[in-house]
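Text of model.pdb, listed as PDB, C-alpha atoms:
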ATOM      1  CA  MET A   1     -71.458  16.357-110.056  1.00  0.00           C
ATOM      2  CA  ASP A   2     -68.478  16.199-107.685  1.00  0.00           C
ATOM      3  CA  GLU A   3     -69.402  13.334-105.362  1.00  0.00           C
ATOM      4  CA  ILE A   4     -66.496  14.258-103.076  1.00  0.00           C
ATOM      5  CA  TYR A   5     -65.845  17.933-102.397  1.00  0.00           C
ATOM      6  CA  SER A   6     -64.266  20.267 -99.857  1.00  0.00           C
ATOM      7  CA  SER A   7     -65.901  22.397 -97.183  1.00  0.00           C
ATOM      8  CA  VAL A   8     -65.011  24.066 -93.872  1.00  0.00           C
ATOM      9  CA  GLN A   9     -65.215  22.386 -90.495  1.00  0.00           C
ATOM     10  CA  SER A  10     -66.427  25.228 -88.296  1.00  0.00           C
ATOM     11  CA  HIS A  11     -66.937  28.962 -87.956  1.00  0.00           C
ATOM     12  CA  THR A  12     -63.716  30.976 -88.188  1.00  0.00           C
ATOM     13  CA  THR A  13     -62.923  34.678 -88.402  1.00  0.00           C
ATOM     14  CA  GLY A  14     -60.149  36.644 -90.081  1.00  0.00           C
ATOM     15  CA  GLN A  15     -59.475  40.382 -90.093  1.00  0.00           C
ATOM     16  CA  ILE A  16     -57.342  42.786 -92.108  1.00  0.00           C
ATOM     17  CA  LYS A  17     -56.985  46.570 -92.321  1.00  0.00           C
ATOM     18  CA  ILE A  18     -56.491  48.466 -95.578  1.00  0.00           C
ATOM     19  CA  GLU A  19     -56.161  52.266 -95.774  1.00  0.00           C
ATOM     20  CA  GLY A  20     -57.995  52.639 -92.465  1.00  0.00           C
ATOM     21  CA  SER A  21     -60.909  50.383 -93.363  1.00  0.00           C
ATOM     22  CA  ARG A  22     -61.373  47.218 -91.324  1.00  0.00           C
ATOM     23  CA  PHE A  23     -62.488  44.060 -93.157  1.00  0.00           C
ATOM     24  CA  ILE A  24     -63.755  41.146 -91.048  1.00  0.00           C
ATOM     25  CA  ALA A  25     -64.265  37.788 -92.772  1.00  0.00           C
ATOM     26  CA  ASP A  26     -66.620  35.312 -91.091  1.00  0.00           C
ATOM     27  CA  VAL A  27     -66.570  31.815 -92.580  1.00  0.00           C
ATOM     28  CA  PHE A  28     -69.374  29.359 -91.763  1.00  0.00           C
ATOM     29  CA  PRO A  29     -70.232  25.783 -92.772  1.00  0.00           C
ATOM     30  CA  VAL A  30     -73.851  25.749 -94.050  1.00  0.00           C
ATOM     31  CA  THR A  31     -76.010  23.116 -95.728  1.00  0.00           C
ATOM     32  CA  THR A  32     -79.184  25.048 -96.630  1.00  0.00           C
ATOM     33  CA  GLU A  33     -80.138  28.551 -97.738  1.00  0.00           C
ATOM     34  CA  GLU A  34     -82.077  28.985 -94.491  1.00  0.00           C
ATOM     35  CA  ASP A  35     -78.941  28.125 -92.534  1.00  0.00           C
ATOM     36  CA  ALA A  36     -76.913  30.642 -94.564  1.00  0.00           C
ATOM     37  CA  LYS A  37     -79.498  33.395 -94.019  1.00  0.00           C
ATOM     38  CA  GLU A  38     -79.551  32.763 -90.262  1.00  0.00           C
ATOM     39  CA  LYS A  39     -75.761  32.949 -90.068  1.00  0.00           C
ATOM     40  CA  LEU A  40     -75.758  36.140 -92.153  1.00  0.00           C
ATOM     41  CA  GLU A  41     -78.284  37.753 -89.820  1.00  0.00           C
ATOM     42  CA  SER A  42     -76.148  36.802 -86.818  1.00  0.00           C
ATOM     43  CA  VAL A  43     -73.177  38.617 -88.372  1.00  0.00           C
ATOM     44  CA  LYS A  44     -75.287  41.697 -89.115  1.00  0.00           C
ATOM     45  CA  LYS A  45     -76.466  41.791 -85.512  1.00  0.00           C
ATOM     46  CA  LYS A  46     -72.945  41.338 -84.149  1.00  0.00           C
ATOM     47  CA  TYR A  47     -71.525  44.126 -86.329  1.00  0.00           C
ATOM     48  CA  PHE A  48     -74.681  46.238 -86.402  1.00  0.00           C
ATOM     49  CA  ASP A  49     -72.727  49.467 -86.796  1.00  0.00           C
ATOM     50  CA  ALA A  50     -70.644  48.321 -89.777  1.00  0.00           C
ATOM     51  CA  THR A  51     -70.796  50.015 -93.179  1.00  0.00           C
ATOM     52  CA  HIS A  52     -71.315  46.901 -95.331  1.00  0.00           C
ATOM     53  CA  HIS A  53     -71.949  43.160 -94.968  1.00  0.00           C
ATOM     54  CA  CYS A  54     -70.979  41.624 -98.305  1.00  0.00           C
ATOM     55  CA  TYR A  55     -71.174  37.877 -98.802  1.00  0.00           C
ATOM     56  CA  ALA A  56     -71.251  34.804-100.968  1.00  0.00           C
ATOM     57  CA  TYR A  57     -72.453  31.303-100.302  1.00  0.00           C
ATOM     58  CA  VAL A  58     -72.193  28.027-102.200  1.00  0.00           C
ATOM     59  CA  ILE A  59     -74.267  25.015-101.205  1.00  0.00           C
ATOM     60  CA  GLY A  60     -74.395  21.403-102.399  1.00  0.00           C
ATOM     61  CA  ALA A  61     -72.125  18.910-104.127  1.00  0.00           C
ATOM     62  CA  GLU A  62     -73.119  20.332-107.515  1.00  0.00           C
ATOM     63  CA  LYS A  63     -72.234  23.883-106.368  1.00  0.00           C
ATOM     64  CA  ARG A  64     -75.298  25.223-108.186  1.00  0.00           C
ATOM     65  CA  ASN A  65     -76.900  26.940-105.194  1.00  0.00           C
ATOM     66  CA  VAL A  66     -74.923  30.182-105.236  1.00  0.00           C
ATOM     67  CA  ARG A  67     -75.711  33.705-104.103  1.00  0.00           C
ATOM     68  CA  THR A  68     -73.585  36.844-103.790  1.00  0.00           C
ATOM     69  CA  SER A  69     -74.201  40.368-102.512  1.00  0.00           C
ATOM     70  CA  ASP A  70     -72.281  43.642-102.736  1.00  0.00           C
ATOM     71  CA  ASP A  71     -74.509  45.176-100.021  1.00  0.00           C
ATOM     72  CA  GLY A  72     -74.178  48.704-101.357  1.00  0.00           C
ATOM     73  CA  GLU A  73     -70.577  48.532-102.546  1.00  0.00           C
ATOM     74  CA  PRO A  74     -69.984  49.260-106.270  1.00  0.00           C
ATOM     75  CA  SER A  75     -71.256  46.399-108.411  1.00  0.00           C
ATOM     76  CA  GLY A  76     -68.748  43.607-108.881  1.00  0.00           C
ATOM     77  CA  THR A  77     -66.326  44.760-106.188  1.00  0.00           C
ATOM     78  CA  ALA A  78     -67.385  42.551-103.277  1.00  0.00           C
ATOM     79  CA  GLY A  79     -69.753  39.580-103.607  1.00  0.00           C
ATOM     80  CA  ILE A  80     -68.234  38.201-106.791  1.00  0.00           C
ATOM     81  CA  LYS A  81     -64.718  38.621-105.353  1.00  0.00           C
ATOM     82  CA  ILE A  82     -65.718  36.675-102.245  1.00  0.00           C
ATOM     83  CA  HIS A  83     -67.222  33.982-104.458  1.00  0.00           C
ATOM     84  CA  SER A  84     -64.017  33.832-106.498  1.00  0.00           C
ATOM     85  CA  ALA A  85     -62.041  33.166-103.306  1.00  0.00           C
ATOM     86  CA  ILE A  86     -64.425  30.304-102.490  1.00  0.00           C
ATOM     87  CA  GLN A  87     -64.118  28.921-106.021  1.00  0.00           C
ATOM     88  CA  SER A  88     -60.328  29.086-105.933  1.00  0.00           C
ATOM     89  CA  LYS A  89     -60.363  26.522-103.116  1.00  0.00           C
ATOM     90  CA  ASN A  90     -63.160  24.474-104.734  1.00  0.00           C
ATOM     91  CA  LEU A  91     -65.326  24.798-101.625  1.00  0.00           C
ATOM     92  CA  SER A  92     -69.037  24.223-101.095  1.00  0.00           C
ATOM     93  CA  ASP A  93     -71.469  24.206 -98.151  1.00  0.00           C
ATOM     94  CA  ILE A  94     -69.915  27.510 -97.125  1.00  0.00           C
ATOM     95  CA  LEU A  95     -71.015  31.049 -96.311  1.00  0.00           C
ATOM     96  CA  LEU A  96     -68.389  33.793 -96.297  1.00  0.00           C
ATOM     97  CA  VAL A  97     -69.393  37.227 -95.011  1.00  0.00           C
ATOM     98  CA  VAL A  98     -66.979  40.155 -95.246  1.00  0.00           C
ATOM     99  CA  THR A  99     -67.982  43.022 -92.974  1.00  0.00           C
ATOM    100  CA  ARG A 100     -66.456  46.431 -93.672  1.00  0.00           C
ATOM    101  CA  TYR A 101     -65.964  49.319 -91.318  1.00  0.00           C
ATOM    102  CA  PHE A 102     -65.179  52.287 -93.576  1.00  0.00           C
ATOM    103  CA  GLY A 103     -62.007  54.059 -92.511  1.00  0.00           C
ATOM    104  CA  GLY A 104     -62.462  57.329 -94.373  1.00  0.00           C
ATOM    105  CA  THR A 105     -60.297  56.609 -97.434  1.00  0.00           C
ATOM    106  CA  LYS A 106     -61.910  55.528-100.689  1.00  0.00           C
ATOM    107  CA  LEU A 107     -60.093  52.591-102.288  1.00  0.00           C
ATOM    108  CA  GLY A 108     -61.430  52.899-105.829  1.00  0.00           C
ATOM    109  CA  VAL A 109     -63.112  50.082-107.727  1.00  0.00           C
ATOM    110  CA  GLY A 110     -59.909  48.119-108.304  1.00  0.00           C
ATOM    111  CA  GLY A 111     -58.599  48.603-104.798  1.00  0.00           C
ATOM    112  CA  LEU A 112     -61.949  47.692-103.276  1.00  0.00           C
ATOM    113  CA  GLY A 113     -62.141  44.473-105.276  1.00  0.00           C
ATOM    114  CA  ARG A 114     -58.648  43.489-104.176  1.00  0.00           C
ATOM    115  CA  ALA A 115     -59.490  44.286-100.560  1.00  0.00           C
ATOM    116  CA  TYR A 116     -62.561  42.043-100.526  1.00  0.00           C
ATOM    117  CA  CYS A 117     -60.699  39.263-102.299  1.00  0.00           C
ATOM    118  CA  GLU A 118     -57.776  39.494 -99.855  1.00  0.00           C
ATOM    119  CA  SER A 119     -60.107  39.524 -96.869  1.00  0.00           C
ATOM    120  CA  ALA A 120     -62.033  36.497 -98.148  1.00  0.00           C
ATOM    121  CA  GLU A 121     -58.806  34.585 -98.787  1.00  0.00           C
ATOM    122  CA  ASN A 122     -57.587  35.513 -95.300  1.00  0.00           C
ATOM    123  CA  GLY A 123     -60.772  34.149 -93.748  1.00  0.00           C
ATOM    124  CA  ILE A 124     -60.604  30.888 -95.701  1.00  0.00           C
ATOM    125  CA  GLY A 125     -56.945  30.550 -94.784  1.00  0.00           C
ATOM    126  CA  LYS A 126     -57.875  30.387 -91.100  1.00  0.00           C
ATOM    127  CA  ALA A 127     -60.478  27.653 -91.658  1.00  0.00           C
ATOM    128  CA  THR A 128     -59.944  23.912 -91.358  1.00  0.00           C
ATOM    129  CA  ILE A 129     -60.790  22.289 -94.698  1.00  0.00           C
ATOM    130  CA  ILE A 130     -62.641  18.963 -94.626  1.00  0.00           C
ATOM    131  CA  SER A 131     -63.906  16.517 -97.236  1.00  0.00           C
ATOM    132  CA  LYS A 132     -67.610  15.876 -97.710  1.00  0.00           C
ATOM    133  CA  ALA A 133     -69.384  13.448-100.001  1.00  0.00           C
ATOM    134  CA  SER A 134     -72.751  12.893-101.590  1.00  0.00           C
ATOM    135  CA  ILE A 135     -73.464   9.232-100.824  1.00  0.00           C
ATOM    136  CA  GLN A 136     -76.173   6.605-100.719  1.00  0.00           C
ATOM    137  CA  GLU A 137     -76.476   3.839 -98.178  1.00  0.00           C
ATOM    138  CA  MET A 138     -76.657   0.224 -99.314  1.00  0.00           C
ATOM    139  CA  LYS A 139     -78.154  -2.295 -96.910  1.00  0.00           C
ATOM    140  CA  ILE A 140     -77.026  -5.886 -97.487  1.00  0.00           C
ATOM    141  CA  THR A 141     -78.907  -8.704 -95.738  1.00  0.00           C
ATOM    142  CA  PHE A 142     -77.167 -12.075 -96.085  1.00  0.00           C
ATOM    143  CA  PRO A 143     -76.746 -15.491 -94.409  1.00  0.00           C
ATOM    144  CA  PHE A 144     -74.039 -15.807 -91.757  1.00  0.00           C
ATOM    145  CA  ALA A 145     -72.197 -18.240 -94.022  1.00  0.00           C
ATOM    146  CA  GLU A 146     -71.546 -15.444 -96.523  1.00  0.00           C
ATOM    147  CA  THR A 147     -69.895 -13.113 -94.000  1.00  0.00           C
ATOM    148  CA  ASN A 148     -66.335 -13.568 -95.271  1.00  0.00           C
ATOM    149  CA  PRO A 149     -67.015 -12.745 -98.952  1.00  0.00           C
ATOM    150  CA  VAL A 150     -69.168  -9.764 -97.959  1.00  0.00           C
ATOM    151  CA  MET A 151     -66.485  -8.393 -95.633  1.00  0.00           C
ATOM    152  CA  ASN A 152     -63.805  -8.994 -98.265  1.00  0.00           C
ATOM    153  CA  ILE A 153     -65.678  -6.672-100.640  1.00  0.00           C
ATOM    154  CA  ILE A 154     -66.206  -4.047 -97.927  1.00  0.00           C
ATOM    155  CA  ASN A 155     -62.544  -4.093 -96.922  1.00  0.00           C
ATOM    156  CA  SER A 156     -61.053  -4.257-100.418  1.00  0.00           C
ATOM    157  CA  HIS A 157     -63.158  -1.288-101.609  1.00  0.00           C
ATOM    158  CA  LYS A 158     -62.733   0.616 -98.321  1.00  0.00           C
ATOM    159  CA  LEU A 159     -66.490   0.978 -97.873  1.00  0.00           C
ATOM    160  CA  LYS A 160     -67.665   2.759 -94.723  1.00  0.00           C
ATOM    161  CA  ILE A 161     -69.972   0.723 -92.487  1.00  0.00           C
ATOM    162  CA  SER A 162     -72.698   2.904 -90.944  1.00  0.00           C
ATOM    163  CA  ALA A 163     -74.723   0.156 -89.229  1.00  0.00           C
ATOM    164  CA  THR A 164     -74.514  -3.548 -88.353  1.00  0.00           C
ATOM    165  CA  ASN A 165     -77.430  -5.692 -87.160  1.00  0.00           C
ATOM    166  CA  TYR A 166     -78.174  -9.385 -86.768  1.00  0.00           C
ATOM    167  CA  THR A 167     -81.195 -11.654 -86.753  1.00  0.00           C
ATOM    168  CA  ASP A 168     -81.259 -15.327 -85.766  1.00  0.00           C
ATOM    169  CA  GLU A 169     -80.074 -16.432 -89.188  1.00  0.00           C
ATOM    170  CA  ARG A 170     -78.860 -13.410 -91.125  1.00  0.00           C
ATOM    171  CA  SER A 171     -76.535 -10.405 -90.899  1.00  0.00           C
ATOM    172  CA  ILE A 172     -77.497  -6.902 -91.973  1.00  0.00           C
ATOM    173  CA  ILE A 173     -74.728  -4.462 -92.864  1.00  0.00           C
ATOM    174  CA  THR A 174     -75.287  -0.932 -94.129  1.00  0.00           C
ATOM    175  CA  VAL A 175     -72.454   0.749 -96.027  1.00  0.00           C
ATOM    176  CA  GLN A 176     -71.957   4.214 -97.509  1.00  0.00           C
ATOM    177  CA  ILE A 177     -71.271   4.265-101.246  1.00  0.00           C
ATOM    178  CA  LEU A 178     -70.668   6.973-103.822  1.00  0.00           C
ATOM    179  CA  PRO A 179     -73.627   6.907-106.254  1.00  0.00           C
ATOM    180  CA  SER A 180     -71.396   6.274-109.273  1.00  0.00           C
ATOM    181  CA  LEU A 181     -70.170   3.019-107.695  1.00  0.00           C
ATOM    182  CA  LEU A 182     -73.587   1.601-106.807  1.00  0.00           C
ATOM    183  CA  PRO A 183     -74.115  -0.656-109.870  1.00  0.00           C
ATOM    184  CA  SER A 184     -70.683  -2.281-109.730  1.00  0.00           C
ATOM    185  CA  ILE A 185     -70.645  -2.783-105.942  1.00  0.00           C
ATOM    186  CA  ARG A 186     -74.163  -4.188-105.965  1.00  0.00           C
ATOM    187  CA  LYS A 187     -73.152  -6.718-108.595  1.00  0.00           C
ATOM    188  CA  LEU A 188     -70.140  -7.762-106.514  1.00  0.00           C
ATOM    189  CA  PHE A 189     -72.301  -8.440-103.460  1.00  0.00           C
ATOM    190  CA  VAL A 190     -74.847 -10.421-105.487  1.00  0.00           C
ATOM    191  CA  ASN A 191     -72.150 -12.572-107.068  1.00  0.00           C
ATOM    192  CA  ALA A 192     -70.179 -13.041-103.844  1.00  0.00           C
ATOM    193  CA  THR A 193     -73.244 -14.283-101.955  1.00  0.00           C
ATOM    194  CA  ARG A 194     -74.424 -16.411-104.913  1.00  0.00           C
ATOM    195  CA  GLY A 195     -77.698 -14.517-105.057  1.00  0.00           C
ATOM    196  CA  SER A 196     -78.580 -15.189-101.414  1.00  0.00           C
ATOM    197  CA  SER A 197     -78.347 -11.530-100.318  1.00  0.00           C
ATOM    198  CA  GLU A 198     -81.079  -8.907-100.249  1.00  0.00           C
ATOM    199  CA  ILE A 199     -79.959  -5.392-101.170  1.00  0.00           C
ATOM    200  CA  SER A 200     -81.765  -2.085-100.717  1.00  0.00           C
ATOM    201  CA  ILE A 201     -80.597   1.446-101.563  1.00  0.00           C
ATOM    202  CA  GLY A 202     -81.322   4.563 -99.507  1.00  0.00           C
ATOM    203  CA  GLU A 203     -81.767   8.186-100.541  1.00  0.00           C
ATOM    204  CA  LYS A 204     -78.817  10.452-101.306  1.00  0.00           C
ATOM    205  CA  LYS A 205     -77.381  12.412 -98.400  1.00  0.00           C
ATOM    206  CA  THR A 206     -74.271  14.390 -97.538  1.00  0.00           C
ATOM    207  CA  VAL A 207     -71.742  13.174 -94.974  1.00  0.00           C
ATOM    208  CA  ASN A 208     -68.259  14.064 -93.792  1.00  0.00           C
ATOM    209  CA  TRP A 209     -65.760  11.983 -95.722  1.00  0.00           C
ATOM    210  CA  GLN A 210     -62.290  10.933 -94.568  1.00  0.00           C
TER     211      GLN A 210
END
Translate the structure described by the file into C-alpha cells.
Amino acid sequence: MDEIYSSVQSHTTGQIKIEGSRFIADVFPVTTEEDAKEKLESVKKKYFDATHHCYAYVIGAEKRNVRTSDDGEPSGTAGIKIHSAIQSKNLSDILLVVTRYFGGTKLGVGGLGRAYCESAENGIGKATIISKASIQEMKITFPFAETNPVMNIINSHKLKISATNYTDERSIITVQILPSLLPSIRKLFVNATRGSSEISIGEKKTVNWQ
C-alpha cells in the first residue's frame, strides 16, 4: 500500500473542442463511493442535455476501489482512457467525469479514445495536486521530566502533533505516524522515557500530508 499518495485539492473544470464535439472534464476530490456518486449526479444534472457522461474514479491509498463507465460510447474508448489519465499522475481519492456534447462528426474508435484521454489530462492539468497519507495516531502519556527526550524524537523524525494535553503530573501528546513506522517509533519513545510512558494507537485514517 502507498501510505503517501497524491490527490486533488478541489473541484476544477477543463474544456476542449474536437471536430465540433465539446468535452468538459470535471475533476472532484472524493473519499467514498457515495461521495463519487453524488458528484456524478450533480454533473449529470448540470449538463442534463449532454450526449454522454463518461467517468472514472479511484478511491483509497491502495487504489483498489476503482470504477469506470463509457456511458454509451464504444467499449474501451472513454472510461478506461479517463482512468489511464488518473493513473498516469498516480492519483487517488478522485472522480473525473468527462461530459460530451456531440458535434455531428464521428471521431472513430481511435479518435474518440484520444479525445477522452486528452480531455481527462486537460482537466487534471487544471487541478491543484496535494499529498495525502494513510496514518495512525499515537498518543504518548509521560511525566513532565521526560518532555525533552520525547520532543527530540518528535522533532528529529518530523512527526506531526495533532493534540497536546496536560494533567497535574503528566503530558499527553498525540502524533500522526505512517503505519510502517509505528513499531520503531514506539520503541524509541519507550526507551527515551525509560519505560515511564503509556502509549496507545488509534485507528487508521486519511489526512492531508505536507
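Nearest to Ala56 of chain A of all the residues A:Pro149, A:Gly202, A:Gly113, A:Gly79 is A:Gly79, based on all atoms listed in the file.
Residues matching the PyMOL selection byres ((chain A and resi 201) around 12) in this structure come to Ile135, Gln136, Glu137, Met138, Lys139, Ile140, Thr141, Thr174, Val175, Gln176, Ile177, Leu178, Pro179, Leu182, Pro183, Ile185, Arg186, Glu198, Ile199, Ser200, Gly202, Glu203, Lys204 and Lys205 of chain A.
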I'd like to know which of A:Val150, A:Ile4, A:Ala78, A:Ala25 is closest to Ala61 of chain A, using all atoms listed in the file. A:Ile4
Pick out the residues sitting within 10 Å of segment 120-123 of chain A, and hand them over as a ChimeraX atom specification; count all atoms listed in the file, and ignore anything fewer than 3 positions along from it in its own chain. /A:11-16,23-27,55-56,78-79,81-86,88-89,96-98,114-117,126-127
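Distances here use only C-alpha atoms; by that measure, the residue among A:Thr147, A:Thr128, A:Asn208, A:Thr31 closest to Ile59 of chain A is A:Thr31.
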Expressed in Å to a single decimal, how great is the separation between atom CA of Ile129 of chain A and atom CA of Val58 of chain A? 14.8 Å
As a check of understanding, name the residues that the PyMOL selection byres ((chain A and resi 72) around 9) selects in the supplied structure, as a list in words. Thr51, His52, His53, Cys54, Ser69, Asp70, Asp71, Glu73, Pro74 and Ser75 of chain A
Contact residues around Thr105 of chain A with only C-alpha atoms at 9 Å, ignoring same-chain residues under 6 positions, as a PyMOL selection string: chain A and resi 19-21
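Take atom CA of Ala145 of chain A and atom CA of Tyr166 of chain A: the distance between them is 12.9 Å.
Shortest separation to Glu146 of chain A among A:Ala192, A:Ile172, A:Ala50, A:Val30 occurs at residue A:Ala192, atoms counted being only C-alpha atoms.
Atom CA of Asn165 of chain A is found 17.9 Å from atom CA of Ile153 of chain A.
Nearest to Ser92 of chain A of all the residues A:Ala133, A:Ile18, A:Leu159, A:Ile154 is A:Ala133, counting only C-alpha atoms.
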With only C-alpha atoms as the basis for distance, which of A:Glu118, A:Glu33, A:Glu169, A:Glu41 is at the shortest distance from Asp93 of chain A? A:Glu33
Any chance you could resolve the PyMOL selection byres ((chain A and resi 142) around 6) against this file and give the residues as JSON, numbers by chain? {"A": [141, 143, 170, 171, 197]}
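The list of residues with at least one atom within 6 Å of Arg22 of chain A, based on all atoms listed in the file and without residues fewer than 2 positions apart in the same chain, reads Lys17, Arg100 and Tyr101 of chain A.
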As a PyMOL selection string, please: the residues near Trp209 of chain A (cut-off 10 Å, all atoms listed in the file, same-chain neighbours under 6 positions excluded). chain A and resi 4-6+130-135+160
Please provide as a PyMOL selection string all residues within 7 Å of Ser10 of chain A, with the sequence filter that same-chain residues fewer than 2 positions apart are discarded (counting only C-alpha atoms). chain A and resi 8+12+28-29
Grab all the atoms of segment 28-44 of chain A that the file lists, wrap them in a box along x, y and z, add 5 Å per side, and give me centre plus edge lengths in Å (one decimal) as JSON.
{"center_x": -75.7, "center_y": 32.4, "center_z": -92.3, "size_x": 22.7, "size_y": 28.6, "size_z": 20.9}
